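Asks: My structure is in model.cif, and what it holds is mmCIF, C-alpha atoms:
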data_my_file
loop_
_atom_site.label_atom_id
_atom_site.label_comp_id
_atom_site.auth_asym_id
_atom_site.auth_seq_id
_atom_site.Cartn_x
_atom_site.Cartn_y
_atom_site.Cartn_z
CA MET A 1 160.55 75.69 76.13
CA THR A 2 163.34 75.67 73.61
CA LEU A 3 163.17 76.43 69.91
CA SER A 4 163.90 72.85 68.98
CA GLU A 5 160.62 71.79 70.50
CA PHE A 6 158.49 73.79 68.09
CA PRO A 7 158.74 71.52 65.06
CA ARG A 8 157.52 68.65 67.18
CA LEU A 9 154.42 70.62 67.99
CA GLY A 10 153.81 70.90 64.27
CA PHE A 11 153.86 74.67 64.51
CA ASP A 12 156.91 76.92 64.46
CA PRO A 13 155.93 80.51 65.28
CA PHE A 14 159.11 81.84 63.68
CA VAL A 15 158.45 80.09 60.40
CA GLU A 16 154.93 81.42 60.62
CA LEU A 17 156.19 84.97 61.26
CA ARG A 18 158.57 84.83 58.32
CA ARG A 19 155.78 83.51 56.13
CA MET A 20 153.51 86.35 57.26
CA GLN A 21 156.25 88.88 56.59
CA SER A 22 156.87 87.65 53.07
CA GLU A 23 153.11 87.58 52.52
CA MET A 24 152.83 91.21 53.65
CA ASN A 25 155.74 92.20 51.40
CA ARG A 26 154.05 90.49 48.49
CA LEU A 27 150.76 92.26 49.21
CA PHE A 28 152.29 95.69 49.52
CA SER A 29 154.58 95.35 46.52
CA GLY A 30 151.41 95.07 44.45
CA PHE A 31 149.99 98.13 46.10
CA THR A 32 150.61 100.69 43.41
CA PRO A 33 148.47 103.74 42.66
CA THR A 34 147.47 102.22 39.32
CA THR A 35 144.08 101.35 40.77
CA ARG A 36 142.57 104.67 39.86
CA ASP A 37 139.41 106.09 41.28
CA PHE A 38 136.52 105.98 38.89
CA PRO A 39 135.58 108.20 37.20
CA PRO A 40 138.78 110.16 36.50
CA ILE A 41 138.30 113.88 36.87
CA ASN A 42 139.93 116.97 35.39
CA ILE A 43 139.37 120.44 36.80
CA TRP A 44 139.70 123.63 34.80
CA LEU A 45 139.80 127.02 36.45
CA GLY A 46 138.51 130.22 34.90
CA ASP A 47 138.31 133.72 36.33
CA ASN A 48 135.03 133.24 38.12
CA SER A 49 134.04 129.77 37.07
CA VAL A 50 135.28 126.23 37.25
CA VAL A 51 134.75 123.33 34.84
CA VAL A 52 134.87 119.74 36.04
CA THR A 53 135.15 117.10 33.32
CA SER A 54 134.98 113.38 33.81
CA GLU A 55 135.35 110.36 31.54
CA LEU A 56 132.22 108.25 31.89
CA PRO A 57 132.06 105.97 28.86
CA GLY A 58 128.83 104.04 28.52
CA VAL A 59 127.05 106.08 31.18
CA THR A 60 123.83 107.81 30.20
CA PRO A 61 122.58 111.02 31.84
CA SER A 62 119.94 109.02 33.74
CA ASP A 63 122.66 106.80 35.25
CA VAL A 64 124.46 109.63 37.01
CA THR A 65 123.47 112.02 39.80
CA ILE A 66 125.32 115.28 40.34
CA SER A 67 124.89 116.98 43.68
CA LEU A 68 126.36 120.10 45.17
CA GLN A 69 126.71 121.10 48.78
CA GLU A 70 128.51 124.35 49.46
CA ASP A 71 131.78 123.84 47.56
CA VAL A 72 131.66 120.04 47.43
CA LEU A 73 130.56 118.42 44.20
CA THR A 74 129.55 114.76 44.18
CA LEU A 75 129.14 112.45 41.19
CA GLU A 76 127.29 109.22 41.83
CA GLY A 77 125.96 106.58 39.56
CA ALA A 78 126.29 103.12 38.17
CA ARG A 79 127.52 101.41 35.04
CA HIS A 80 125.35 98.60 33.81
CA PRO A 81 126.67 95.67 31.80
CA LYS A 82 124.99 94.88 28.55
CA GLN A 83 122.64 91.96 28.94
CA GLU A 84 123.05 89.50 26.15
CA GLN A 85 121.53 86.07 25.85
CA ASP A 86 123.76 83.16 24.92
CA ALA A 87 126.87 85.30 24.83
CA ASN A 88 130.20 83.56 24.94
CA TRP A 89 132.45 86.11 26.61
CA GLN A 90 136.00 86.26 25.39
CA ARG A 91 137.22 89.41 27.01
CA GLN A 92 135.80 91.50 29.83
CA GLU A 93 137.98 94.45 30.56
CA ARG A 94 135.38 97.12 31.21
CA SER A 95 134.22 97.41 34.77
CA TYR A 96 130.69 97.86 35.99
CA GLY A 97 128.92 98.75 39.17
CA SER A 98 128.30 101.84 41.22
CA PHE A 99 130.72 104.70 41.56
CA SER A 100 131.01 107.86 43.60
CA ARG A 101 133.46 110.71 43.45
CA THR A 102 133.61 113.83 45.59
CA VAL A 103 135.43 116.96 44.50
CA GLN A 104 136.29 119.94 46.65
CA LEU A 105 135.95 123.05 44.50
CA PRO A 106 138.36 125.96 44.97
CA PHE A 107 135.49 128.34 45.84
CA ARG A 108 131.81 128.38 46.66
CA VAL A 109 129.58 128.19 43.63
CA ASP A 110 126.08 129.27 42.71
CA ALA A 111 123.94 126.14 42.74
CA ASP A 112 121.40 127.78 40.42
CA LYS A 113 123.92 128.39 37.66
CA VAL A 114 125.30 124.91 37.18
CA GLN A 115 125.39 123.53 33.67
CA ALA A 116 126.11 119.88 32.95
CA ARG A 117 126.37 118.17 29.59
CA PHE A 118 127.43 114.83 28.24
CA ASN A 119 129.60 114.76 25.16
CA ASN A 120 130.73 111.41 23.72
CA GLY A 121 131.06 109.83 27.13
CA VAL A 122 132.68 112.86 28.77
CA LEU A 123 130.67 114.68 31.41
CA GLU A 124 131.28 118.40 31.65
CA ILE A 125 130.00 120.44 34.58
CA GLU A 126 130.38 124.20 34.57
CA LEU A 127 129.96 126.03 37.85
CA GLN A 128 129.96 129.77 38.48
CA ARG A 129 131.56 131.36 41.49
CA LEU A 130 129.10 132.75 44.01
CA GLU A 131 128.62 136.49 43.49
CA ALA A 132 129.22 137.26 47.16
CA ASP A 133 132.36 135.18 47.15
CA ARG A 134 134.13 136.94 44.29
CA PRO A 135 137.18 139.01 45.05
CA LYS A 136 136.40 142.71 45.20
CA LYS A 137 138.61 145.53 44.23
CA ILE A 138 138.91 148.02 47.02
CA GLU A 139 139.41 151.65 46.20
CA ILE A 140 141.79 153.61 48.35
CA ARG A 141 140.41 156.98 49.22
CA ALA A 142 142.80 159.84 49.13
CA GLY A 143 143.20 161.02 52.69
CA MET B 1 137.79 84.03 19.55
CA ALA B 2 139.61 87.30 19.30
CA GLN B 3 143.28 87.53 20.04
CA GLU B 4 144.92 90.82 20.78
CA VAL B 5 147.86 91.87 18.68
CA ARG B 6 150.33 93.91 20.65
CA THR B 7 151.88 96.61 18.58
CA VAL B 8 155.50 97.31 19.36
CA GLY B 9 156.44 100.96 19.15
CA GLN B 10 154.25 103.74 17.94
CA GLN B 11 153.70 104.76 14.38
CA ALA B 12 155.16 108.02 13.22
CA PRO B 13 152.53 110.76 13.48
CA GLN B 14 150.75 111.36 10.23
CA THR B 15 151.09 114.74 8.69
CA THR B 16 147.97 116.89 8.55
CA GLU B 17 146.61 118.53 5.42
CA SER B 18 148.62 121.66 6.05
CA GLY B 19 151.76 119.54 6.14
CA GLN B 20 152.40 120.21 9.81
CA ARG B 21 152.92 117.44 12.25
CA PRO B 22 150.42 117.47 15.03
CA ALA B 23 151.71 117.65 18.56
CA PRO B 24 152.39 114.13 19.85
CA ARG B 25 149.47 112.79 21.85
CA PRO B 26 149.39 109.74 24.03
CA VAL B 27 147.83 106.65 22.49
CA PHE B 28 145.70 104.57 24.84
CA LEU B 29 144.58 100.97 24.65
CA PRO B 30 140.80 101.20 24.96
CA PRO B 31 139.39 98.66 27.43
CA ALA B 32 137.22 96.24 25.49
CA ASP B 33 134.54 93.65 26.06
CA ILE B 34 134.28 91.00 23.38
CA TYR B 35 131.65 88.33 23.15
CA GLU B 36 130.48 85.89 20.60
CA THR B 37 126.94 84.92 19.82
CA ARG B 38 125.78 82.28 17.36
CA ASP B 39 125.87 84.73 14.45
CA ASN B 40 128.09 87.62 15.53
CA ILE B 41 131.24 88.69 17.27
CA VAL B 42 130.54 91.86 19.26
CA VAL B 43 133.27 94.26 20.36
CA LEU B 44 132.55 97.03 22.88
CA ALA B 45 135.44 99.46 23.33
CA GLU B 46 135.55 102.47 25.63
CA MET B 47 136.77 105.58 23.87
CA PRO B 48 135.51 108.59 25.83
CA GLY B 49 135.88 111.90 24.05
CA VAL B 50 135.82 110.43 20.55
CA ALA B 51 133.17 111.78 18.19
CA PRO B 52 131.62 109.40 15.61
CA ASP B 53 133.65 110.98 12.82
CA GLY B 54 136.87 110.39 14.77
CA VAL B 55 136.60 106.61 14.59
CA ASP B 56 138.49 104.54 12.08
CA ILE B 57 137.89 100.80 11.85
CA THR B 58 139.69 98.54 9.42
CA LEU B 59 139.42 94.82 8.88
CA GLU B 60 142.14 93.27 6.81
CA ARG B 61 141.69 89.53 6.51
CA ARG B 62 141.15 88.71 10.16
CA VAL B 63 143.04 91.64 11.66
CA LEU B 64 140.70 94.19 13.17
CA THR B 65 142.14 97.62 13.93
CA ILE B 66 140.21 100.18 15.93
CA ARG B 67 141.41 103.76 16.07
CA GLY B 68 139.77 106.74 17.70
CA ARG B 69 140.84 110.32 17.79
CA SER B 70 139.45 112.26 20.72
CA ALA B 71 138.53 115.89 20.52
CA THR B 72 140.76 118.15 22.55
CA GLY B 73 139.50 118.79 26.05
CA ASP B 74 141.03 122.22 26.23
CA HIS B 75 138.75 124.97 27.45
CA ALA B 76 139.41 128.45 26.13
CA GLY B 77 139.98 130.90 28.95
CA TYR B 78 140.50 128.14 31.48
CA GLN B 79 143.63 126.82 33.13
CA ARG B 80 144.04 123.14 33.90
CA ALA B 81 144.07 123.00 37.68
CA TYR B 82 143.91 119.29 38.39
CA SER B 83 144.23 116.33 36.10
CA GLU B 84 143.53 112.63 36.41
CA TYR B 85 143.22 111.79 32.75
CA ALA B 86 144.84 113.06 29.57
CA ASP B 87 143.50 113.66 26.12
CA GLY B 88 144.75 111.22 23.61
CA ASP B 89 143.98 108.78 20.90
CA TYR B 90 142.93 105.18 21.11
CA GLU B 91 144.26 102.29 19.15
CA ARG B 92 143.88 98.56 19.45
CA VAL B 93 144.40 95.59 17.17
CA PHE B 94 142.71 92.20 17.44
CA THR B 95 143.01 89.06 15.38
CA LEU B 96 139.68 87.36 14.91
CA SER B 97 139.41 83.62 14.71
CA GLU B 98 136.38 83.66 12.44
CA ASN B 99 135.84 84.87 8.94
CA ILE B 100 133.63 87.95 8.96
CA ASP B 101 130.98 88.97 6.49
CA ARG B 102 132.49 92.38 5.93
CA ASP B 103 129.52 93.77 4.05
CA ARG B 104 127.27 93.54 7.07
CA ILE B 105 129.54 94.99 9.77
CA GLU B 106 127.71 97.48 11.95
CA ALA B 107 129.51 100.10 14.00
CA THR B 108 127.89 102.58 16.35
CA LEU B 109 129.38 104.99 18.84
CA LYS B 110 127.24 105.91 21.80
CA ASP B 111 128.27 107.70 24.98
CA GLY B 112 131.93 107.14 24.19
CA VAL B 113 131.57 103.38 23.69
CA LEU B 114 132.17 101.83 20.29
CA ASN B 115 129.77 98.98 19.57
CA LEU B 116 131.00 96.83 16.73
CA VAL B 117 128.88 93.95 15.46
CA LEU B 118 130.85 91.64 13.19
CA PRO B 119 128.61 89.03 11.55
CA LYS B 120 130.30 85.69 11.05
CA ALA B 121 130.64 84.60 7.47
CA GLU B 122 128.22 81.91 6.37
CA SER B 123 130.97 79.30 6.33
CA ALA B 124 132.07 80.07 9.88
CA ARG B 125 128.65 79.81 11.50
CA ALA B 126 127.90 76.93 13.77
CA ARG B 127 125.56 74.49 12.14
CA LYS B 128 123.32 72.10 13.84
CA ILE B 129 124.01 68.59 12.70
CA GLU B 130 121.12 66.21 12.68
CA LEU B 131 121.81 62.67 13.63
CA LYS B 132 120.47 60.19 11.17
CA ALA B 133 118.44 57.44 12.62
CA THR B 134 119.97 54.13 11.77
#
In structure tokens, write the structure found in this file.
Replies:
Amino acid sequence: MTLSEFPRLGFDPFVELRRMQSEMNRLFSGFTPTTRDFPPINIWLGDNSVVVTSELPGVTPSDVTISLQEDVLTLEGARHPKQEQDANWQRQERSYGSFSRTVQLPFRVDADKVQARFNNGVLEIELQRLEADRPKKIEIRAG
Amino acid sequence: MAQEVRTVGQQAPQTTESGQRPAPRPVFLPPADIYETRDNIVVLAEMPGVAPDGVDITLERRVLTIRGRSATGDHAGYQRAYSEYADGDYERVFTLSENIDRDRIEATLKDGVLNLVLPKAESARARKIELKAT
């Protein structure tokens, strides 16, 4: 079978391959890290504590679940759109739906001493380092 | 209908009461939902970290400007270890297609979302027109 026969078959695999290649290039050129994970997280480190803050606009405390397993913190929840009758939408830029983020903390924390608060759409979780996990100063005995 | 006005370039930072210029902060475009009902235009804008007293809304003719100044997220005694978002201010300008009854504008800020209810002026409201029987 020669190349010239392909157009007669109505299918040229080389044309198809080139089309696929340009399609792949187009897909991957749009693959930029601008599609951020939601919610965005900041982590602040103290001496024996860590603060995790997260921007969760429009999320109420009952919409979000915070769970802790060893040193892994998980935020889960959902954003609900406002239900409005007879609304004529002109712009919908906010996104809705369920979200989940998992954060690996730099040390093990005491699950009984976790404090979480919401402040103007920013969630703040303060976690204390486990007592047994804290660095200890070791005295050197004079020999 | 609300049309966004894109501002070109940033305004010079305003001087504070003490006369010192505040450190430059990034200015974000808050994502917004806008819908129209029979009587109102409703704007919902996400401005996490902004306290109610940090919001500034102006309506000049049909140009609506929303500004929000977020509280600093710095934690005393803590070092920033990982960062996915930055503190900053929010600003966005829209041009509204309807005249607004500016005396009855309602603005609330809840959980970092600004909820702005702009009642249409009497003249701009849709009226039902009865067909006369001939």
Asks: Quick one, how far is atom CA of Pro40 of chain A from atom CA of Ser83 of chain B?
Replies: 8.2 Å
Asks: At a cut-off of 9 Å, which residues of chain A touch chain B? Count only C-alpha atoms and give the answer as a ChimeraX atom specification.
Replies: /A:36,40-47,49-51,53-60,84-94,118-122
Asks: Using the chain letters and numbering of this document, enumerate as a PyMOL selection string the residues selected by the PyMOL selection byres ((chain B and resi 97) around 12).
Replies: (chain A and resi 90) or (chain B and resi 1-4+36+41+61-64+94-96+98-100+118+120-121+124-125)
Asks: Just how far from atom CA of Val109 of chain A is atom CA of Thr65 of chain A, in Å to one decimal?
Replies: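 One can read the atom CA of Thr65 of chain A to atom CA of Val109 of chain A distance as 17.7 Å.
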Asks: For Gln128 of chain A, which of A:Ser95, A:Val64, A:Lys82, A:Asp71 is the closest residue, counting all atoms listed in the file?
Replies: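 Using all atoms listed in the file, Gln128 of chain A sits closest to A:Asp71.
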Asks: Expand the PyMOL selection byres ((chain A and resi 111) around 9) into the individual residues it matches in the shown file, reporting them as a PDB file with C-alpha atoms, in the coordinates of the input.
Replies:
ATOM      1  CA  LEU A  68     126.360 120.100  45.170  1.00  0.00           C
ATOM      2  CA  GLN A  69     126.710 121.100  48.780  1.00  0.00           C
ATOM      3  CA  GLU A  70     128.510 124.350  49.460  1.00  0.00           C
ATOM      4  CA  VAL A 109     129.580 128.190  43.630  1.00  0.00           C
ATOM      5  CA  ASP A 110     126.080 129.270  42.710  1.00  0.00           C
ATOM      6  CA  ASP A 112     121.400 127.780  40.420  1.00  0.00           C
ATOM      7  CA  LYS A 113     123.920 128.390  37.660  1.00  0.00           C
ATOM      8  CA  VAL A 114     125.300 124.910  37.180  1.00  0.00           C
ATOM      9  CA  LEU A 127     129.960 126.030  37.850  1.00  0.00           C
ATOM     10  CA  GLN A 128     129.960 129.770  38.480  1.00  0.00           C
ATOM     11  CA  LEU A 130     129.100 132.750  44.010  1.00  0.00           C
TER      12      LEU A 130
END
Asks: I need segment 50-75 of chain A written out with N, CA and C atoms, as an mmCIF file, in the first residue's frame; please produce it.
Replies:
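After the write, part-v4.cif holds the following:
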data_model
loop_
_atom_site.group_PDB
_atom_site.id
_atom_site.type_symbol
_atom_site.label_atom_id
_atom_site.label_comp_id
_atom_site.auth_asym_id
_atom_site.auth_seq_id
_atom_site.Cartn_x
_atom_site.Cartn_y
_atom_site.Cartn_z
ATOM 1 N N VAL A 50 1.519 25.773 64.860
ATOM 2 C CA VAL A 50 1.405 26.073 63.434
ATOM 3 C C VAL A 50 0.000 26.629 63.192
ATOM 4 N N VAL A 51 -0.088 27.633 62.335
ATOM 5 C CA VAL A 51 -1.379 28.223 61.988
ATOM 6 C C VAL A 51 -1.603 27.996 60.501
ATOM 7 N N VAL A 52 -2.762 27.447 60.183
ATOM 8 C CA VAL A 52 -3.148 27.247 58.783
ATOM 9 C C VAL A 52 -4.306 28.198 58.510
ATOM 10 N N THR A 53 -4.149 29.063 57.529
ATOM 11 C CA THR A 53 -5.250 29.961 57.167
ATOM 12 C C THR A 53 -5.684 29.647 55.741
ATOM 13 N N SER A 54 -6.951 29.895 55.490
ATOM 14 C CA SER A 54 -7.503 29.554 54.182
ATOM 15 C C SER A 54 -8.620 30.521 53.820
ATOM 16 N N GLU A 55 -8.613 30.962 52.574
ATOM 17 C CA GLU A 55 -9.651 31.892 52.113
ATOM 18 C C GLU A 55 -10.875 31.108 51.664
ATOM 19 N N LEU A 56 -11.947 31.247 52.402
ATOM 20 C CA LEU A 56 -13.187 30.530 52.095
ATOM 21 C C LEU A 56 -14.360 31.501 52.068
ATOM 22 N N PRO A 57 -14.391 32.399 51.092
ATOM 23 C CA PRO A 57 -15.483 33.378 51.085
ATOM 24 C C PRO A 57 -16.835 32.721 50.836
ATOM 25 N N GLY A 58 -17.811 33.131 51.617
ATOM 26 C CA GLY A 58 -19.166 32.620 51.439
ATOM 27 C C GLY A 58 -19.410 31.273 52.085
ATOM 28 N N VAL A 59 -18.422 30.750 52.787
ATOM 29 C CA VAL A 59 -18.570 29.443 53.432
ATOM 30 C C VAL A 59 -18.837 29.675 54.915
ATOM 31 N N THR A 60 -19.869 29.037 55.418
ATOM 32 C CA THR A 60 -20.196 29.181 56.835
ATOM 33 C C THR A 60 -19.556 28.025 57.604
ATOM 34 N N PRO A 61 -19.382 28.193 58.931
ATOM 35 C CA PRO A 61 -18.764 27.114 59.704
ATOM 36 C C PRO A 61 -19.456 25.756 59.520
ATOM 37 N N SER A 62 -20.766 25.761 59.300
ATOM 38 C CA SER A 62 -21.457 24.472 59.147
ATOM 39 C C SER A 62 -21.198 23.837 57.777
ATOM 40 N N ASP A 63 -20.635 24.603 56.852
ATOM 41 C CA ASP A 63 -20.364 24.070 55.507
ATOM 42 C C ASP A 63 -19.020 23.364 55.411
ATOM 43 N N VAL A 64 -18.204 23.489 56.453
ATOM 44 C CA VAL A 64 -16.841 22.976 56.337
ATOM 45 C C VAL A 64 -16.534 22.005 57.483
ATOM 46 N N THR A 65 -15.801 20.949 57.153
ATOM 47 C CA THR A 65 -15.392 19.951 58.140
ATOM 48 C C THR A 65 -13.873 19.945 58.184
ATOM 49 N N ILE A 66 -13.349 20.040 59.387
ATOM 50 C CA ILE A 66 -11.897 20.002 59.568
ATOM 51 C C ILE A 66 -11.579 18.687 60.263
ATOM 52 N N SER A 67 -10.673 17.913 59.701
ATOM 53 C CA SER A 67 -10.306 16.674 60.376
ATOM 54 C C SER A 67 -8.791 16.556 60.433
ATOM 55 N N LEU A 68 -8.351 15.816 61.433
ATOM 56 C CA LEU A 68 -6.922 15.709 61.690
ATOM 57 C C LEU A 68 -6.590 14.253 61.928
ATOM 58 N N GLN A 69 -5.590 13.773 61.197
ATOM 59 C CA GLN A 69 -5.106 12.415 61.448
ATOM 60 C C GLN A 69 -3.598 12.473 61.486
ATOM 61 N N GLU A 70 -3.051 12.181 62.636
ATOM 62 C CA GLU A 70 -1.609 12.319 62.865
ATOM 63 C C GLU A 70 -1.204 13.756 62.499
ATOM 64 N N ASP A 71 -0.392 13.907 61.443
ATOM 65 C CA ASP A 71 0.040 15.257 61.070
ATOM 66 C C ASP A 71 -0.590 15.693 59.747
ATOM 67 N N VAL A 72 -1.709 15.093 59.405
ATOM 68 C CA VAL A 72 -2.383 15.448 58.150
ATOM 69 C C VAL A 72 -3.722 16.119 58.465
ATOM 70 N N LEU A 73 -3.830 17.341 57.989
ATOM 71 C CA LEU A 73 -5.039 18.133 58.226
ATOM 72 C C LEU A 73 -5.861 18.153 56.935
ATOM 73 N N THR A 74 -7.156 17.916 57.076
ATOM 74 C CA THR A 74 -8.020 17.903 55.893
ATOM 75 C C THR A 74 -9.167 18.892 56.067
ATOM 76 N N LEU A 75 -9.378 19.698 55.039
ATOM 77 C CA LEU A 75 -10.518 20.625 54.984
ATOM 78 C C LEU A 75 -11.457 20.118 53.907
#
